Each structure stands twice: as structure tokens, then as C-alpha cells.
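target_27.cif, holding mmCIF, N, CA and C atoms:
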data_input
#
loop_
_atom_site.label_atom_id
_atom_site.label_comp_id
_atom_site.auth_asym_id
_atom_site.auth_seq_id
_atom_site.Cartn_x
_atom_site.Cartn_y
_atom_site.Cartn_z
N MET A 4 0.82 -1.18 0.00
CA MET A 4 0.00 0.00 0.00
C MET A 4 0.87 1.25 0.00
N ILE A 5 1.91 1.28 0.89
CA ILE A 5 2.78 2.45 0.95
C ILE A 5 3.52 2.63 -0.36
N ARG A 6 3.95 1.53 -0.98
CA ARG A 6 4.67 1.63 -2.24
C ARG A 6 3.78 2.19 -3.34
N SER A 7 2.49 1.75 -3.40
CA SER A 7 1.59 2.26 -4.44
C SER A 7 1.29 3.74 -4.23
N VAL A 8 1.17 4.18 -2.98
CA VAL A 8 0.97 5.60 -2.70
C VAL A 8 2.20 6.39 -3.12
N SER A 9 3.40 5.83 -2.87
CA SER A 9 4.64 6.50 -3.27
C SER A 9 4.72 6.62 -4.78
N VAL A 10 4.35 5.58 -5.50
CA VAL A 10 4.38 5.60 -6.96
C VAL A 10 3.40 6.66 -7.47
N ILE A 11 2.22 6.71 -6.89
CA ILE A 11 1.22 7.70 -7.29
C ILE A 11 1.73 9.11 -7.00
N THR A 12 2.35 9.30 -5.85
CA THR A 12 2.88 10.61 -5.49
C THR A 12 3.96 11.04 -6.47
N VAL A 13 4.86 10.13 -6.82
CA VAL A 13 5.93 10.46 -7.78
C VAL A 13 5.33 10.78 -9.15
N ALA A 14 4.35 9.99 -9.57
CA ALA A 14 3.71 10.24 -10.87
C ALA A 14 3.01 11.59 -10.88
N LEU A 15 2.32 11.91 -9.80
CA LEU A 15 1.64 13.19 -9.71
C LEU A 15 2.64 14.34 -9.72
N ALA A 16 3.75 14.19 -9.02
CA ALA A 16 4.79 15.23 -9.00
C ALA A 16 5.35 15.44 -10.40
N ALA A 17 5.59 14.36 -11.12
CA ALA A 17 6.11 14.47 -12.49
C ALA A 17 5.11 15.16 -13.40
N LEU A 18 3.83 14.81 -13.24
CA LEU A 18 2.78 15.44 -14.05
C LEU A 18 2.72 16.93 -13.75
N LEU A 19 2.77 17.30 -12.49
CA LEU A 19 2.71 18.71 -12.12
C LEU A 19 3.91 19.48 -12.64
N ALA A 20 5.08 18.87 -12.61
CA ALA A 20 6.28 19.53 -13.14
C ALA A 20 6.14 19.77 -14.64
N SER A 21 5.58 18.81 -15.36
CA SER A 21 5.40 18.99 -16.80
C SER A 21 4.35 20.04 -17.09
N LEU A 22 3.35 20.15 -16.22
CA LEU A 22 2.32 21.17 -16.41
C LEU A 22 2.90 22.57 -16.21
N ARG A 23 3.75 22.72 -15.22
CA ARG A 23 4.37 24.03 -14.97
C ARG A 23 5.21 24.45 -16.19
N ALA A 24 5.90 23.50 -16.79
CA ALA A 24 6.73 23.81 -17.95
C ALA A 24 5.89 24.21 -19.15
N ALA A 25 4.66 23.71 -19.21
CA ALA A 25 3.80 23.98 -20.35
C ALA A 25 2.72 24.99 -20.00
N ALA A 26 2.99 25.93 -19.12
CA ALA A 26 2.00 26.92 -18.71
C ALA A 26 1.51 27.70 -19.91
N PRO A 27 0.23 28.02 -19.96
CA PRO A 27 -0.32 28.73 -21.11
C PRO A 27 0.26 30.13 -21.24
N GLN A 28 0.40 30.57 -22.45
CA GLN A 28 0.93 31.89 -22.73
C GLN A 28 -0.17 32.93 -22.88
N THR A 29 -1.40 32.49 -23.10
CA THR A 29 -2.50 33.43 -23.31
C THR A 29 -3.63 33.11 -22.34
N GLY A 30 -4.45 34.10 -22.13
CA GLY A 30 -5.64 33.91 -21.32
C GLY A 30 -5.37 34.07 -19.85
N THR A 31 -6.10 34.95 -19.24
CA THR A 31 -6.03 35.08 -17.81
C THR A 31 -7.27 34.44 -17.21
N ILE A 32 -7.14 33.99 -16.01
CA ILE A 32 -8.26 33.31 -15.37
C ILE A 32 -9.07 34.34 -14.59
N PRO A 33 -10.34 34.53 -14.96
CA PRO A 33 -11.16 35.52 -14.27
C PRO A 33 -11.71 35.02 -12.94
N VAL A 34 -11.37 33.80 -12.57
CA VAL A 34 -11.83 33.23 -11.31
C VAL A 34 -10.64 32.62 -10.58
N ASP A 35 -10.76 32.53 -9.26
CA ASP A 35 -9.73 31.96 -8.42
C ASP A 35 -9.96 30.44 -8.33
N VAL A 36 -8.98 29.66 -8.72
CA VAL A 36 -9.10 28.20 -8.72
C VAL A 36 -9.41 27.68 -7.32
N ASN A 37 -8.70 28.20 -6.32
CA ASN A 37 -8.96 27.74 -4.95
C ASN A 37 -10.37 28.09 -4.50
N ALA A 38 -10.86 29.26 -4.89
CA ALA A 38 -12.23 29.65 -4.54
C ALA A 38 -13.24 28.74 -5.23
N LEU A 39 -12.97 28.38 -6.49
CA LEU A 39 -13.87 27.44 -7.19
C LEU A 39 -13.90 26.09 -6.48
N LEU A 40 -12.73 25.60 -6.10
CA LEU A 40 -12.68 24.32 -5.40
C LEU A 40 -13.36 24.40 -4.03
N ASP A 41 -13.18 25.51 -3.33
CA ASP A 41 -13.88 25.69 -2.05
C ASP A 41 -15.39 25.68 -2.25
N THR A 42 -15.84 26.40 -3.26
CA THR A 42 -17.28 26.46 -3.56
C THR A 42 -17.81 25.08 -3.88
N TYR A 43 -17.10 24.36 -4.71
CA TYR A 43 -17.53 23.01 -5.10
C TYR A 43 -17.54 22.09 -3.88
N ALA A 44 -16.50 22.15 -3.07
CA ALA A 44 -16.38 21.25 -1.91
C ALA A 44 -17.45 21.51 -0.85
N ARG A 45 -17.89 22.75 -0.73
CA ARG A 45 -18.91 23.03 0.29
C ARG A 45 -20.32 22.70 -0.20
N GLY A 46 -20.43 22.20 -1.42
CA GLY A 46 -21.72 21.72 -1.91
C GLY A 46 -22.38 22.60 -2.95
N ASP A 47 -21.79 23.74 -3.27
CA ASP A 47 -22.34 24.62 -4.30
C ASP A 47 -21.76 24.24 -5.66
N ARG A 48 -21.99 22.98 -6.03
CA ARG A 48 -21.37 22.43 -7.23
C ARG A 48 -21.82 23.14 -8.50
N ASP A 49 -23.12 23.37 -8.62
CA ASP A 49 -23.63 24.02 -9.83
C ASP A 49 -23.03 25.41 -10.00
N GLN A 50 -22.89 26.14 -8.92
CA GLN A 50 -22.32 27.48 -8.97
C GLN A 50 -20.87 27.43 -9.44
N ALA A 51 -20.09 26.52 -8.90
CA ALA A 51 -18.67 26.41 -9.27
C ALA A 51 -18.51 26.00 -10.73
N VAL A 52 -19.27 25.02 -11.16
CA VAL A 52 -19.16 24.55 -12.55
C VAL A 52 -19.67 25.62 -13.51
N ALA A 53 -20.75 26.31 -13.15
CA ALA A 53 -21.28 27.38 -14.01
C ALA A 53 -20.26 28.50 -14.18
N ALA A 54 -19.57 28.86 -13.10
CA ALA A 54 -18.55 29.91 -13.20
C ALA A 54 -17.43 29.49 -14.15
N ALA A 55 -17.03 28.23 -14.08
CA ALA A 55 -15.98 27.73 -14.97
C ALA A 55 -16.49 27.58 -16.40
N ALA A 56 -17.77 27.28 -16.57
CA ALA A 56 -18.33 27.08 -17.91
C ALA A 56 -18.52 28.39 -18.66
N ARG A 57 -18.66 29.50 -17.94
CA ARG A 57 -18.92 30.80 -18.57
C ARG A 57 -17.70 31.43 -19.23
N ILE A 58 -16.52 30.98 -18.90
CA ILE A 58 -15.31 31.64 -19.40
C ILE A 58 -15.02 31.21 -20.83
N GLY A 59 -14.26 32.02 -21.53
CA GLY A 59 -13.90 31.73 -22.92
C GLY A 59 -12.84 30.65 -23.05
N LYS A 60 -12.53 30.29 -24.28
CA LYS A 60 -11.58 29.21 -24.54
C LYS A 60 -10.18 29.46 -23.98
N PRO A 61 -9.59 30.64 -24.22
CA PRO A 61 -8.24 30.85 -23.66
C PRO A 61 -8.24 30.81 -22.14
N GLN A 62 -9.29 31.36 -21.53
CA GLN A 62 -9.37 31.34 -20.07
C GLN A 62 -9.61 29.92 -19.56
N ALA A 63 -10.38 29.14 -20.30
CA ALA A 63 -10.61 27.74 -19.91
C ALA A 63 -9.30 26.97 -19.96
N GLN A 64 -8.47 27.25 -20.96
CA GLN A 64 -7.18 26.59 -21.06
C GLN A 64 -6.30 26.97 -19.87
N ALA A 65 -6.31 28.25 -19.52
CA ALA A 65 -5.52 28.70 -18.37
C ALA A 65 -6.06 28.10 -17.07
N LEU A 66 -7.37 28.03 -16.94
CA LEU A 66 -7.97 27.43 -15.74
C LEU A 66 -7.62 25.96 -15.63
N ARG A 67 -7.64 25.27 -16.74
CA ARG A 67 -7.29 23.84 -16.76
C ARG A 67 -5.87 23.64 -16.24
N THR A 68 -4.94 24.44 -16.71
CA THR A 68 -3.56 24.32 -16.26
C THR A 68 -3.42 24.69 -14.79
N MET A 69 -4.07 25.76 -14.37
CA MET A 69 -3.99 26.17 -12.97
C MET A 69 -4.65 25.14 -12.06
N LEU A 70 -5.73 24.55 -12.50
CA LEU A 70 -6.41 23.53 -11.70
C LEU A 70 -5.49 22.34 -11.45
N THR A 71 -4.88 21.85 -12.49
CA THR A 71 -4.00 20.69 -12.33
C THR A 71 -2.70 21.06 -11.64
N ASP A 72 -2.33 22.33 -11.68
CA ASP A 72 -1.10 22.78 -11.04
C ASP A 72 -1.29 23.04 -9.55
N THR A 73 -2.43 23.60 -9.16
CA THR A 73 -2.63 24.00 -7.77
C THR A 73 -3.65 23.15 -7.02
N GLY A 74 -4.42 22.36 -7.72
CA GLY A 74 -5.46 21.56 -7.07
C GLY A 74 -4.94 20.56 -6.07
N HIS A 75 -3.78 19.99 -6.34
CA HIS A 75 -3.18 19.03 -5.41
C HIS A 75 -2.86 19.72 -4.08
N GLY A 76 -2.29 20.90 -4.16
CA GLY A 76 -1.99 21.67 -2.95
C GLY A 76 -3.25 22.05 -2.20
N TRP A 77 -4.30 22.42 -2.95
CA TRP A 77 -5.58 22.75 -2.31
C TRP A 77 -6.10 21.54 -1.54
N ALA A 78 -6.05 20.37 -2.14
CA ALA A 78 -6.57 19.16 -1.49
C ALA A 78 -5.80 18.84 -0.22
N HIS A 79 -4.50 19.07 -0.23
CA HIS A 79 -3.66 18.75 0.92
C HIS A 79 -3.60 19.87 1.97
N ALA A 80 -4.25 20.98 1.72
CA ALA A 80 -4.19 22.11 2.64
C ALA A 80 -4.86 21.82 3.98
N VAL A 81 -5.83 20.91 3.97
CA VAL A 81 -6.52 20.54 5.21
C VAL A 81 -6.41 19.02 5.33
N GLN A 82 -5.36 18.55 6.02
CA GLN A 82 -5.08 17.12 6.09
C GLN A 82 -6.23 16.31 6.67
N ALA A 83 -6.97 16.87 7.61
CA ALA A 83 -8.08 16.14 8.23
C ALA A 83 -9.21 15.88 7.23
N GLU A 84 -9.22 16.63 6.12
CA GLU A 84 -10.26 16.48 5.10
C GLU A 84 -9.68 16.04 3.76
N LEU A 85 -8.53 15.37 3.80
CA LEU A 85 -7.83 15.03 2.57
C LEU A 85 -8.68 14.21 1.61
N ARG A 86 -9.26 13.11 2.07
CA ARG A 86 -10.04 12.26 1.15
C ARG A 86 -11.22 13.01 0.53
N PRO A 87 -12.03 13.74 1.30
CA PRO A 87 -13.12 14.49 0.68
C PRO A 87 -12.63 15.58 -0.28
N ARG A 88 -11.52 16.20 0.06
CA ARG A 88 -11.00 17.26 -0.80
C ARG A 88 -10.41 16.69 -2.09
N LEU A 89 -9.76 15.52 -2.02
CA LEU A 89 -9.29 14.87 -3.25
C LEU A 89 -10.47 14.54 -4.16
N LEU A 90 -11.55 14.02 -3.56
CA LEU A 90 -12.75 13.71 -4.34
C LEU A 90 -13.34 14.97 -4.95
N ALA A 91 -13.43 16.04 -4.17
CA ALA A 91 -13.99 17.29 -4.69
C ALA A 91 -13.17 17.83 -5.85
N ALA A 92 -11.85 17.82 -5.72
CA ALA A 92 -10.99 18.32 -6.79
C ALA A 92 -11.13 17.48 -8.05
N ALA A 93 -11.14 16.17 -7.89
CA ALA A 93 -11.29 15.28 -9.05
C ALA A 93 -12.65 15.44 -9.70
N ALA A 94 -13.69 15.49 -8.89
CA ALA A 94 -15.05 15.62 -9.43
C ALA A 94 -15.21 16.96 -10.14
N PHE A 95 -14.68 18.03 -9.55
CA PHE A 95 -14.77 19.34 -10.21
C PHE A 95 -14.06 19.31 -11.55
N ALA A 96 -12.88 18.72 -11.60
CA ALA A 96 -12.13 18.64 -12.85
C ALA A 96 -12.93 17.92 -13.93
N LEU A 97 -13.56 16.82 -13.57
CA LEU A 97 -14.34 16.07 -14.54
C LEU A 97 -15.58 16.84 -14.98
N GLU A 98 -16.25 17.50 -14.04
CA GLU A 98 -17.42 18.30 -14.40
C GLU A 98 -17.03 19.52 -15.23
N PHE A 99 -15.88 20.09 -14.94
CA PHE A 99 -15.37 21.20 -15.74
C PHE A 99 -15.19 20.76 -17.19
N GLU A 100 -14.57 19.61 -17.40
CA GLU A 100 -14.37 19.11 -18.76
C GLU A 100 -15.70 18.81 -19.45
N ALA A 101 -16.65 18.28 -18.71
CA ALA A 101 -17.98 18.02 -19.29
C ALA A 101 -18.62 19.34 -19.74
N ALA A 102 -18.47 20.39 -18.94
CA ALA A 102 -19.01 21.70 -19.30
C ALA A 102 -18.31 22.26 -20.53
N ARG A 103 -17.01 22.03 -20.65
CA ARG A 103 -16.28 22.54 -21.82
C ARG A 103 -16.71 21.81 -23.09
N VAL A 104 -17.03 20.52 -22.96
CA VAL A 104 -17.54 19.77 -24.11
C VAL A 104 -18.82 20.43 -24.62
N GLU A 105 -19.68 20.83 -23.69
CA GLU A 105 -20.94 21.47 -24.07
C GLU A 105 -20.70 22.79 -24.79
N HIS A 106 -19.58 23.44 -24.57
CA HIS A 106 -19.25 24.69 -25.26
C HIS A 106 -18.56 24.44 -26.60
N GLY A 107 -18.31 23.19 -26.91
CA GLY A 107 -17.74 22.84 -28.21
C GLY A 107 -16.27 23.16 -28.37
N ASP A 108 -15.57 23.40 -27.29
CA ASP A 108 -14.16 23.75 -27.43
C ASP A 108 -13.22 22.67 -26.93
N TRP A 109 -13.74 21.51 -26.65
CA TRP A 109 -12.92 20.46 -26.05
C TRP A 109 -11.87 19.93 -27.01
N LEU A 110 -12.21 19.70 -28.24
CA LEU A 110 -11.25 19.11 -29.18
C LEU A 110 -10.40 20.15 -29.89
N ALA A 111 -10.78 21.42 -29.78
CA ALA A 111 -10.08 22.47 -30.51
C ALA A 111 -8.94 23.08 -29.71
N LEU A 112 -8.55 22.45 -28.64
CA LEU A 112 -7.54 23.04 -27.78
C LEU A 112 -6.13 22.63 -28.18
N ASN A 113 -5.20 23.49 -27.91
CA ASN A 113 -3.80 23.25 -28.19
C ASN A 113 -3.31 22.09 -27.32
N THR A 114 -2.76 21.09 -27.94
CA THR A 114 -2.31 19.91 -27.19
C THR A 114 -0.93 20.10 -26.55
N SER A 115 -0.28 21.22 -26.79
CA SER A 115 1.02 21.44 -26.16
C SER A 115 0.87 21.88 -24.71
N GLN A 116 -0.33 22.26 -24.32
CA GLN A 116 -0.60 22.65 -22.95
C GLN A 116 -1.43 21.55 -22.30
N CYS A 117 -1.75 21.74 -21.03
CA CYS A 117 -2.62 20.76 -20.37
C CYS A 117 -3.96 20.76 -21.08
N ASN A 118 -4.25 19.68 -21.76
CA ASN A 118 -5.48 19.58 -22.52
C ASN A 118 -6.51 18.77 -21.72
N PRO A 119 -7.71 18.55 -22.27
CA PRO A 119 -8.71 17.80 -21.53
C PRO A 119 -8.24 16.43 -21.04
N ARG A 120 -7.47 15.74 -21.84
CA ARG A 120 -6.97 14.44 -21.42
C ARG A 120 -6.06 14.58 -20.19
N CYS A 121 -5.27 15.63 -20.17
CA CYS A 121 -4.40 15.92 -19.03
C CYS A 121 -5.24 16.10 -17.76
N THR A 122 -6.33 16.87 -17.86
CA THR A 122 -7.20 17.11 -16.72
C THR A 122 -7.85 15.82 -16.24
N ILE A 123 -8.31 15.01 -17.18
CA ILE A 123 -8.96 13.74 -16.82
C ILE A 123 -7.95 12.80 -16.17
N GLU A 124 -6.74 12.76 -16.70
CA GLU A 124 -5.70 11.92 -16.11
C GLU A 124 -5.37 12.40 -14.70
N TRP A 125 -5.31 13.70 -14.51
CA TRP A 125 -5.06 14.27 -13.19
C TRP A 125 -6.16 13.87 -12.21
N ALA A 126 -7.41 13.96 -12.65
CA ALA A 126 -8.54 13.55 -11.79
C ALA A 126 -8.43 12.07 -11.45
N ARG A 127 -8.03 11.25 -12.41
CA ARG A 127 -7.86 9.82 -12.15
C ARG A 127 -6.79 9.58 -11.09
N LEU A 128 -5.69 10.31 -11.17
CA LEU A 128 -4.63 10.18 -10.18
C LEU A 128 -5.14 10.54 -8.78
N LEU A 129 -5.95 11.59 -8.70
CA LEU A 129 -6.50 11.99 -7.40
C LEU A 129 -7.41 10.90 -6.85
N LEU A 130 -8.25 10.34 -7.70
CA LEU A 130 -9.17 9.30 -7.24
C LEU A 130 -8.40 8.06 -6.79
N ARG A 131 -7.37 7.70 -7.51
CA ARG A 131 -6.55 6.55 -7.11
C ARG A 131 -5.81 6.82 -5.81
N ALA A 132 -5.37 8.06 -5.60
CA ALA A 132 -4.66 8.42 -4.38
C ALA A 132 -5.57 8.30 -3.15
N ARG A 133 -6.86 8.41 -3.35
CA ARG A 133 -7.81 8.28 -2.24
C ARG A 133 -7.86 6.86 -1.71
N GLY A 134 -7.44 5.91 -2.51
CA GLY A 134 -7.53 4.51 -2.12
C GLY A 134 -8.86 3.93 -2.56
N PRO A 135 -9.28 2.84 -1.92
CA PRO A 135 -10.54 2.19 -2.31
C PRO A 135 -11.72 3.16 -2.21
N ALA A 136 -12.65 3.00 -3.13
CA ALA A 136 -13.83 3.87 -3.15
C ALA A 136 -14.59 3.76 -1.83
N ASP A 137 -15.08 4.89 -1.36
CA ASP A 137 -15.91 4.90 -0.16
C ASP A 137 -17.33 5.29 -0.56
N ASP A 138 -18.22 5.45 0.41
CA ASP A 138 -19.62 5.79 0.12
C ASP A 138 -19.74 7.10 -0.64
N ALA A 139 -18.92 8.09 -0.27
CA ALA A 139 -18.98 9.39 -0.96
C ALA A 139 -18.63 9.25 -2.43
N GLU A 140 -17.60 8.49 -2.73
CA GLU A 140 -17.19 8.31 -4.12
C GLU A 140 -18.23 7.50 -4.90
N ARG A 141 -18.78 6.48 -4.27
CA ARG A 141 -19.81 5.70 -4.94
C ARG A 141 -21.05 6.54 -5.19
N ALA A 142 -21.42 7.43 -4.26
CA ALA A 142 -22.59 8.29 -4.45
C ALA A 142 -22.35 9.28 -5.58
N TRP A 143 -21.11 9.77 -5.70
CA TRP A 143 -20.80 10.71 -6.77
C TRP A 143 -20.90 10.01 -8.10
#

Written form, C-alpha cells:
Amino acid sequence: MIRSVSVITVALAALLASLRAAAPQTGTIPVDVNALLDTYARGDRDQAVAAAARIGKPQAQALRTMLTDTGHGWAHAVQAELRPRLLAAAAFALEFEAARVEHGDWLALNTSQCNPRCTIEWARLLLRARGPADDAERAW
């Protein structure tokens, strides 16, 4: 168990390092990623996803990179709530990508930056880091 957590941690660190190197050159994020995750985690999911869905393509690309870059730190900021926060970050990432599909910009994104597949892979890593699924994950 400890070895698999270590492997996941190393993989996540490598992914985050590659994301930092590929930071977007255009688009500013009109919303705070940590605030979006806080909103989502406290149960205002529709509000958080709607805020992320309203932004344009360049801003969505920037948000995607910032989410995968800072979301891990957000989840670990409150150790007593680590498992629920990992689930919230992963679920938000997946819902964000679903919202971007609805805007028709999912496939038109530059693949040199963190693209939708990168976000989905990041969410998968978070879910795996949580360990076996619990009632909260099964309900989601």
C-alpha cells in the first residue's frame, strides 16, 4: 500500500512539473481556482461549474492548467479532510471538462498545454490516491 501511494505521489509530482513547464501563454483566469474548489467542496457544485463554464476558450485553457497545477496543494491544505478534498478536486475537474464539451471547445484546444486528457488523467490520479472507493465516491 505504501509503495503504491509512493508511486502515485511520484507520478503526480512528475505530471505537475510537466504542467508548470507547459503553462499557457494566453488567457487570464477571471476566477480563483482555490475559490472554485472551495465552492464546489462546500456543496455549491452548480455554482462552481457554471462559473468555470462561462469563461472563454483561452481562459478555460488557463484554468485547466492552474487547476491541475494548484489543485493538489488545495486538497492537501486541510489534512483532516484530505479524502473528501481529493474527491472534490477530481469531481470538479471532470465536471469542468464536461461543461467545456458542451461549449464545443474540447477538441479544438492546443495539445502542447494541459489539454482535456491531461485534466482527466489528473482527476484519475487523485481518485486513485484516495484509495478504495468509499460511500462518498460511490454516491458521486

Exercise. Near Asn37 of chain A, counting only C-alpha atoms, which residues have an atom at most 8 Å away, once you skip same-chain residues fewer than 2 positions from it, shown as a ChimeraX atom specification?
Worked result: /A:35,39-41,73-74,77

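Proximity of A:Ala78, A:Arg86, A:Gln50, A:Pro61 to Gly134 of chain A, computed with all atoms listed in the file, is greatest for A:Arg86.
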
For this session: Please write as a ChimeraX atom specification the full residue list that the PyMOL selection byres (((chain A and resi 122 and name CA) around 12) and name CA) yields on this file.
Result: /A:15,18-19,22,63-72,74,92-101,103,109,114,116-121,123-129

Problem set entry | Point-to-point distance in Å for atom CA of Val34 of chain A and atom N of Ala54 of chain A |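 Separation between atom N of Ala54 of chain A and atom CA of Val34 of chain A: 9.1 Å.
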
Exercise. So how far away is atom C of Ala44 of chain A from atom N of Ala139 of chain A, in Å?
Worked result: 13.5 Å

Take every atom of segment 90-95 of chain A listed in the file, fit an axis-aligned box around them, add 3 Å per side, and give the centre and edge lengths in Å to one decimal as AutoDock Vina command-line options.
--center_x -13.1 --center_y 16.5 --center_z -7.6 --size_x 10.2 --size_y 11.6 --size_z 14.0

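If you look at atom N of Asp108 of chain A and atom C of Thr42 of chain A, they are 23.6 Å away from each other.
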